[in-house]
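**Q** Next up, my_file.pdb (PDB, C-alpha atoms).
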```pdb
ATOM      1  CA  MET A1449      -5.726   1.325 -11.236  1.00  0.00           C
ATOM      2  CA  ALA A1450      -2.899   3.014 -13.061  1.00  0.00           C
ATOM      3  CA  THR A1451       0.157   4.174 -11.228  1.00  0.00           C
ATOM      4  CA  THR A1452       2.419   7.102 -11.994  1.00  0.00           C
ATOM      5  CA  ARG A1453       5.546   4.978 -11.783  1.00  0.00           C
ATOM      6  CA  PRO A1454       7.242   4.237 -15.096  1.00  0.00           C
ATOM      7  CA  GLY A1455       6.950   0.591 -16.018  1.00  0.00           C
ATOM      8  CA  SER A1456       9.699  -0.058 -18.566  1.00  0.00           C
ATOM      9  CA  ASP A1457      12.644  -0.442 -16.178  1.00  0.00           C
ATOM     10  CA  ALA A1458      13.672  -3.545 -14.257  1.00  0.00           C
ATOM     11  CA  PRO A1459      12.236  -3.642 -10.697  1.00  0.00           C
ATOM     12  CA  ASP A1460      15.642  -3.090  -9.059  1.00  0.00           C
ATOM     13  CA  VAL A1461      16.337   0.010 -11.178  1.00  0.00           C
ATOM     14  CA  LEU A1462      12.824   1.333 -10.622  1.00  0.00           C
ATOM     15  CA  ALA A1463      13.070   0.791  -6.849  1.00  0.00           C
ATOM     16  CA  ARG A1464      16.440   2.549  -6.667  1.00  0.00           C
ATOM     17  CA  ARG A1465      15.166   5.583  -8.632  1.00  0.00           C
ATOM     18  CA  LEU A1466      12.031   5.807  -6.510  1.00  0.00           C
ATOM     19  CA  LEU A1467      13.940   5.789  -3.219  1.00  0.00           C
ATOM     20  CA  GLU A1468      16.541   8.260  -4.504  1.00  0.00           C
ATOM     21  CA  ARG A1469      13.801  10.612  -5.758  1.00  0.00           C
ATOM     22  CA  HIS A1470      12.260  10.621  -2.270  1.00  0.00           C
ATOM     23  CA  GLY A1471      15.597  11.209  -0.544  1.00  0.00           C
ATOM     24  CA  ILE A1472      15.614   7.825   1.181  1.00  0.00           C
ATOM     25  CA  ARG A1473      19.047   6.471   2.055  1.00  0.00           C
ATOM     26  CA  LEU A1474      19.621   3.303   0.051  1.00  0.00           C
ATOM     27  CA  THR A1475      20.175   0.071   1.927  1.00  0.00           C
ATOM     28  CA  THR A1476      19.927  -3.454   0.604  1.00  0.00           C
ATOM     29  CA  GLN A1477      16.871  -4.153   2.760  1.00  0.00           C
ATOM     30  CA  ARG A1478      15.037  -0.971   1.701  1.00  0.00           C
ATOM     31  CA  LEU A1479      15.714  -1.725  -1.936  1.00  0.00           C
ATOM     32  CA  ARG A1480      14.416  -5.282  -1.532  1.00  0.00           C
ATOM     33  CA  VAL A1481      11.201  -4.148   0.172  1.00  0.00           C
ATOM     34  CA  ALA A1482      10.731  -1.453  -2.491  1.00  0.00           C
ATOM     35  CA  GLU A1483      11.175  -4.019  -5.277  1.00  0.00           C
ATOM     36  CA  VAL A1484       8.457  -6.213  -3.780  1.00  0.00           C
ATOM     37  CA  LEU A1485       5.912  -3.499  -2.941  1.00  0.00           C
ATOM     38  CA  LEU A1486       6.564  -0.340  -4.941  1.00  0.00           C
ATOM     39  CA  THR A1487       7.435  -1.406  -8.479  1.00  0.00           C
ATOM     40  CA  ALA A1488       3.846  -2.255  -9.473  1.00  0.00           C
ATOM     41  CA  PRO A1489       0.376  -1.538  -8.086  1.00  0.00           C
ATOM     42  CA  ARG A1490       0.080  -3.926  -5.137  1.00  0.00           C
ATOM     43  CA  HIS A1491      -1.735  -4.472  -1.855  1.00  0.00           C
ATOM     44  CA  MET A1492       0.370  -6.506   0.570  1.00  0.00           C
ATOM     45  CA  THR A1493       0.587  -7.093   4.290  1.00  0.00           C
ATOM     46  CA  ALA A1494       3.944  -6.880   6.042  1.00  0.00           C
ATOM     47  CA  GLU A1495       3.814 -10.660   6.495  1.00  0.00           C
ATOM     48  CA  GLN A1496       3.307 -11.187   2.749  1.00  0.00           C
ATOM     49  CA  ILE A1497       6.267  -8.924   1.991  1.00  0.00           C
ATOM     50  CA  LEU A1498       8.393 -10.731   4.571  1.00  0.00           C
ATOM     51  CA  SER A1499       7.443 -14.112   3.123  1.00  0.00           C
ATOM     52  CA  SER A1500       8.248 -12.959  -0.404  1.00  0.00           C
ATOM     53  CA  LEU A1501      11.647 -11.656   0.654  1.00  0.00           C
ATOM     54  CA  ARG A1502      12.513 -14.766   2.618  1.00  0.00           C
ATOM     55  CA  SER A1503      11.522 -17.104  -0.200  1.00  0.00           C
ATOM     56  CA  SER A1504      13.638 -15.276  -2.767  1.00  0.00           C
ATOM     57  CA  ASP A1505      16.651 -13.920  -0.876  1.00  0.00           C
ATOM     58  CA  GLY A1506      16.991 -15.558   2.505  1.00  0.00           C
ATOM     59  CA  HIS A1507      16.902 -13.796   5.852  1.00  0.00           C
ATOM     60  CA  VAL A1508      15.411 -10.387   6.519  1.00  0.00           C
ATOM     61  CA  SER A1509      14.061  -9.406   9.922  1.00  0.00           C
ATOM     62  CA  LYS A1510      10.428  -8.632  10.620  1.00  0.00           C
ATOM     63  CA  ALA A1511      11.494  -5.407  12.386  1.00  0.00           C
ATOM     64  CA  THR A1512      13.367  -4.265   9.270  1.00  0.00           C
ATOM     65  CA  VAL A1513      10.309  -4.840   7.090  1.00  0.00           C
ATOM     66  CA  TYR A1514       8.026  -2.923   9.475  1.00  0.00           C
ATOM     67  CA  ASN A1515      10.520  -0.069   9.889  1.00  0.00           C
ATOM     68  CA  THR A1516      10.927   0.183   6.123  1.00  0.00           C
ATOM     69  CA  LEU A1517       7.166   0.175   5.564  1.00  0.00           C
ATOM     70  CA  ASN A1518       6.741   2.919   8.168  1.00  0.00           C
ATOM     71  CA  LEU A1519       9.415   4.959   6.364  1.00  0.00           C
ATOM     72  CA  PHE A1520       7.712   4.440   2.994  1.00  0.00           C
ATOM     73  CA  VAL A1521       4.369   5.573   4.432  1.00  0.00           C
ATOM     74  CA  ALA A1522       5.965   8.645   6.054  1.00  0.00           C
ATOM     75  CA  GLN A1523       7.665   9.548   2.744  1.00  0.00           C
ATOM     76  CA  GLY A1524       4.458   9.174   0.706  1.00  0.00           C
ATOM     77  CA  LEU A1525       5.491   6.028  -1.160  1.00  0.00           C
ATOM     78  CA  ALA A1526       2.803   3.730   0.263  1.00  0.00           C
ATOM     79  CA  ARG A1527      -0.527   3.969   2.052  1.00  0.00           C
ATOM     80  CA  GLU A1528      -1.668   1.997   5.056  1.00  0.00           C
ATOM     81  CA  ILE A1529      -5.120   0.457   4.793  1.00  0.00           C
ATOM     82  CA  HIS A1530      -6.374  -0.843   8.110  1.00  0.00           C
ATOM     83  CA  ALA A1531      -8.443  -3.664   6.669  1.00  0.00           C
ATOM     84  CA  ASP A1532      -9.488  -4.960  10.089  1.00  0.00           C
ATOM     85  CA  PRO A1533      -8.211  -4.699  13.684  1.00  0.00           C
ATOM     86  CA  GLU A1534      -5.634  -7.446  13.117  1.00  0.00           C
ATOM     87  CA  ARG A1535      -4.338  -6.605   9.659  1.00  0.00           C
ATOM     88  CA  CYS A1536      -2.815  -3.649   7.892  1.00  0.00           C
ATOM     89  CA  VAL A1537      -2.369  -3.714   4.130  1.00  0.00           C
ATOM     90  CA  TYR A1538       0.194  -1.531   2.368  1.00  0.00           C
ATOM     91  CA  ASP A1539      -0.926  -0.055  -0.944  1.00  0.00           C
ATOM     92  CA  SER A1540       1.631   1.085  -3.510  1.00  0.00           C
ATOM     93  CA  THR A1541      -0.853   3.243  -5.451  1.00  0.00           C
ATOM     94  CA  MET A1542      -0.733   6.739  -4.033  1.00  0.00           C
ATOM     95  CA  SER A1543      -3.338   8.418  -6.256  1.00  0.00           C
ATOM     96  CA  PRO A1544      -6.730   8.832  -4.537  1.00  0.00           C
ATOM     97  CA  HIS A1545      -8.880   5.701  -4.686  1.00  0.00           C
ATOM     98  CA  HIS A1546     -11.004   3.406  -2.549  1.00  0.00           C
ATOM     99  CA  HIS A1547     -11.184  -0.368  -2.065  1.00  0.00           C
ATOM    100  CA  PHE A1548     -13.262  -3.496  -2.044  1.00  0.00           C
ATOM    101  CA  GLN A1549     -12.015  -5.982   0.544  1.00  0.00           C
ATOM    102  CA  ASN A1550     -12.912  -9.583  -0.223  1.00  0.00           C
ATOM    103  CA  LEU A1551     -13.576 -11.143   3.193  1.00  0.00           C
ATOM    104  CA  ASP A1552     -13.256 -14.669   1.789  1.00  0.00           C
ATOM    105  CA  THR A1553      -9.792 -14.168   0.267  1.00  0.00           C
ATOM    106  CA  GLY A1554      -8.440 -11.009   1.919  1.00  0.00           C
ATOM    107  CA  GLU A1555      -7.852  -9.500  -1.535  1.00  0.00           C
ATOM    108  CA  MET A1556      -8.021  -5.713  -1.862  1.00  0.00           C
ATOM    109  CA  ILE A1557      -9.409  -4.400  -5.153  1.00  0.00           C
ATOM    110  CA  ASP A1558      -9.094  -0.763  -6.200  1.00  0.00           C
ATOM    111  CA  ILE A1559     -12.169   1.397  -6.801  1.00  0.00           C
ATOM    112  CA  ARG A1560     -11.685   4.520  -8.903  1.00  0.00           C
ATOM    113  CA  PRO A1561     -12.845   7.707  -7.129  1.00  0.00           C
ATOM    114  CA  GLU A1562     -15.237   8.521  -9.973  1.00  0.00           C
ATOM    115  CA  ASP A1563     -17.034   5.186  -9.397  1.00  0.00           C
ATOM    116  CA  LEU A1564     -18.140   6.244  -5.918  1.00  0.00           C
ATOM    117  CA  SER A1565     -20.207   9.245  -4.930  1.00  0.00           C
ATOM    118  CA  PHE A1566     -21.580  10.677  -1.737  1.00  0.00           C
ATOM    119  CA  ALA A1567     -24.869  12.530  -1.449  1.00  0.00           C
ATOM    120  CA  ARG A1568     -23.409  14.453   1.457  1.00  0.00           C
ATOM    121  CA  LEU A1569     -20.804  14.263   4.183  1.00  0.00           C
ATOM    122  CA  PRO A1570     -21.501  14.899   7.862  1.00  0.00           C
ATOM    123  CA  GLU A1571     -20.771  18.309   9.349  1.00  0.00           C
ATOM    124  CA  LEU A1572     -17.129  18.488  10.333  1.00  0.00           C
ATOM    125  CA  PRO A1573     -16.062  19.143  13.896  1.00  0.00           C
ATOM    126  CA  PRO A1574     -15.312  22.843  14.483  1.00  0.00           C
ATOM    127  CA  GLY A1575     -11.873  23.971  13.330  1.00  0.00           C
ATOM    128  CA  THR A1576     -11.243  20.953  11.076  1.00  0.00           C
ATOM    129  CA  GLU A1577     -11.058  20.283   7.356  1.00  0.00           C
ATOM    130  CA  ILE A1578     -11.166  17.077   5.334  1.00  0.00           C
ATOM    131  CA  ALA A1579      -7.677  15.647   4.737  1.00  0.00           C
ATOM    132  CA  GLY A1580      -8.953  12.644   2.791  1.00  0.00           C
ATOM    133  CA  VAL A1581     -11.678  10.051   2.550  1.00  0.00           C
ATOM    134  CA  ASP A1582     -10.852   6.345   2.475  1.00  0.00           C
ATOM    135  CA  VAL A1583     -13.680   3.928   1.785  1.00  0.00           C
ATOM    136  CA  VAL A1584     -13.344   0.163   2.193  1.00  0.00           C
ATOM    137  CA  ILE A1585     -16.365  -1.825   1.020  1.00  0.00           C
ATOM    138  CA  ARG A1586     -16.244  -5.346   2.440  1.00  0.00           C
ATOM    139  CA  VAL A1587     -17.668  -8.053   0.203  1.00  0.00           C
ATOM    140  CA  ARG A1588     -18.018 -11.826   0.450  1.00  0.00           C
ATOM    141  CA  ARG A1589     -19.215 -14.664  -1.712  1.00  0.00           C
ATOM    142  CA  LYS A1590     -23.003 -14.935  -1.879  1.00  0.00           C
ATOM    143  CA  ALA A1591     -24.419 -17.774   0.185  1.00  0.00           C
TER     144      ALA A1591
END
```
Go through the file and emit its structure as structure tokens.

**A**
Amino acid sequence: MATTRPGSDAPDVLARRLLERHGIRLTTQRLRVAEVLLTAPRHMTAEQILSSLRSSDGHVSKATVYNTLNLFVAQGLAREIHADPERCVYDSTMSPHHHFQNLDTGEMIDIRPEDLSFARLPELPPGTEIAGVDVVIRVRRKA
């Protein structure tokens, strides 16, 4: 799925511009997390981000990664996908789309909105409106 982020700049420059554009105070840790998650379309867990940061740059705390991810979600830079009760995946593509979740590998694969249709939606509770629809279709290898 295409992203609206320009792709010609180096990841560090792209991450810096993205955070500045969203009014996020720049710190080394925020920039590092942004470089890993936000500079290309990606689906990553906090643990995967933490592992990537630790393998390339040394120490970063788990709390810092989670706090940064929560900030990115609050600022509209990433989406949380609750893949299952034990795992949350962070998605860097903010345009509307849905997902396949491969149960064998854990991989999340984007589905374009136009590739999914609904015959109808249930009646909404009184006084509410639809804020969004997120569909996760779980797949596994055929037996």

**Q** Written as a list of chain:residue names, what is the full residue list that the PyMOL selection byres ((chain A and resi 1553-1556) around 9) yields on the file shown?

**A** A:Arg1490, A:His1491, A:Met1492, A:Ala1531, A:Val1537, A:His1547, A:Phe1548, A:Gln1549, A:Asn1550, A:Leu1551, A:Asp1552, A:Ile1557, A:Asp1558, A:Val1584, A:Arg1588

**Q** What is the CA of Val1481 (chain A)-CA of Thr1541 (chain A) distance in Å, reported with one decimal?

**A**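 The value is 15.2 Å.
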
**Q** Between A:Ala1482, A:Leu1466, A:Ala1526, A:Leu1564, which is the closest to Met1542 (chain A) once you count only C-alpha atoms?

**A** A:Ala1526

**Q** List as a list of chain:residue names the protein and nucleic acid residues near Tyr1514 (chain A), meaning an atom at most 12 Å away when all atoms listed in the file are counted, but skip any in the same chain fewer than 2 places from it.

**A**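 Once the nearby chain positions are removed, what remains is A:Gln1477, A:Arg1478, A:Val1481, A:Thr1493, A:Ala1494, A:Glu1495, A:Gln1496, A:Ile1497, A:Leu1498, A:Val1508, A:Ser1509, A:Lys1510, A:Ala1511, A:Thr1512, A:Thr1516, A:Leu1517, A:Asn1518, A:Leu1519, A:Phe1520, A:Val1521, A:Glu1528, A:Cys1536, A:Val1537, A:Tyr1538.
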
**Q** Once the PyMOL selection byres ((chain A and resi 1483) around 9) is applied to the coordinates I shared, what remains selected? I want it as a ChimeraX atom specification.

**A** /A:1459-1464,1478-1482,1484-1488

**Q** How many Å lie between CA of Leu1569 (chain A) and CA of Asp1582 (chain A), rounded to one decimal?

**A**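 Atom-to-atom, CA of Leu1569 (chain A) and CA of Asp1582 (chain A) are spaced 12.8 Å apart.
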
**Q** Calculate how many Å separate CA of His1546 (chain A) from CA of Val1581 (chain A), rounding to one decimal.

**A**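 According to the coordinates, CA of His1546 (chain A) and CA of Val1581 (chain A) are separated by 8.4 Å.
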
**Q** Select, from A:Arg1473, A:Arg1568, A:Arg1560, A:His1507, the residue with the minimum atom-to-atom distance to Gln1523 (chain A), counting only C-alpha atoms.

**A**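 The answer is A:Arg1473, which sits nearest to Gln1523 (chain A).
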
**Q** For Ile1472 (chain A), which residue among A:Leu1572, A:Ile1529, A:Ala1522, A:Ile1578 is the nearest when counting only C-alpha atoms?

**A**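 Closest to Ile1472 (chain A) of all the choices is A:Ala1522.
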